[in-house]
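Here's the structure, in structure tokens; my notes come after.
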Amino acid sequence: MIINVTEKVVTAELSRYLESATVCKCAQCIEDITCIALNKLPPKYVSTSKGELFSRVDSQMMQQTALDFDVAILGAIEFVKLHPRHTDV
């Protein structure tokens, strides 16, 4: 199994940000935010759950990496807020 740790972190952090963000939370907008944020960050692949755990601990210990995640996610939220692609129902 191949795991992109960056994707898992973005998904988890995005959930936290969406609690207070004033942005559309439809599936299309959430996917767009996720893709935009992921495209701004380097992928981090591991092949085992143990590797995922070590990678997450390593990433969380690096303050710059945490800041990079925040900037990417917040930028993606702002972009989608201004340019939503969903269709109004």
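To be explicit about the labels: the chains of the structure tokens are called A, B, and onward in the order shown, and within each one the residues are counted from 1, while ligands get numbers from 1 in the order they are shown.
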
Residues at most 7 Å from Leu14 of chain A, counting only C-alpha atoms, excluding those fewer than 4 positions away in the same chain, as a compact mmCIF listing (two decimals) with C-alpha atoms, in the first residue's frame?
# COMPACT_ATOMS: atom_id res chain seq x y z
CA VAL A 10 -4.05 18.26 4.32
CA LEU A 18 -13.58 24.30 7.50
CA ILE A 73 -4.63 25.36 2.87

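Atom CA of Met1 of chain A is found 26.3 Å from atom CA of Ala72 of chain A.
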
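With only C-alpha atoms as the atoms that count, the minimum distance from Lys81 of chain A to the choices A:Ile3, A:Ala27, A:Ile33, A:Ala12 is reached by A:Ile33.
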
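Atom CA of Thr22 of chain A sits 27.5 Å away from atom CA of Pro43 of chain A.
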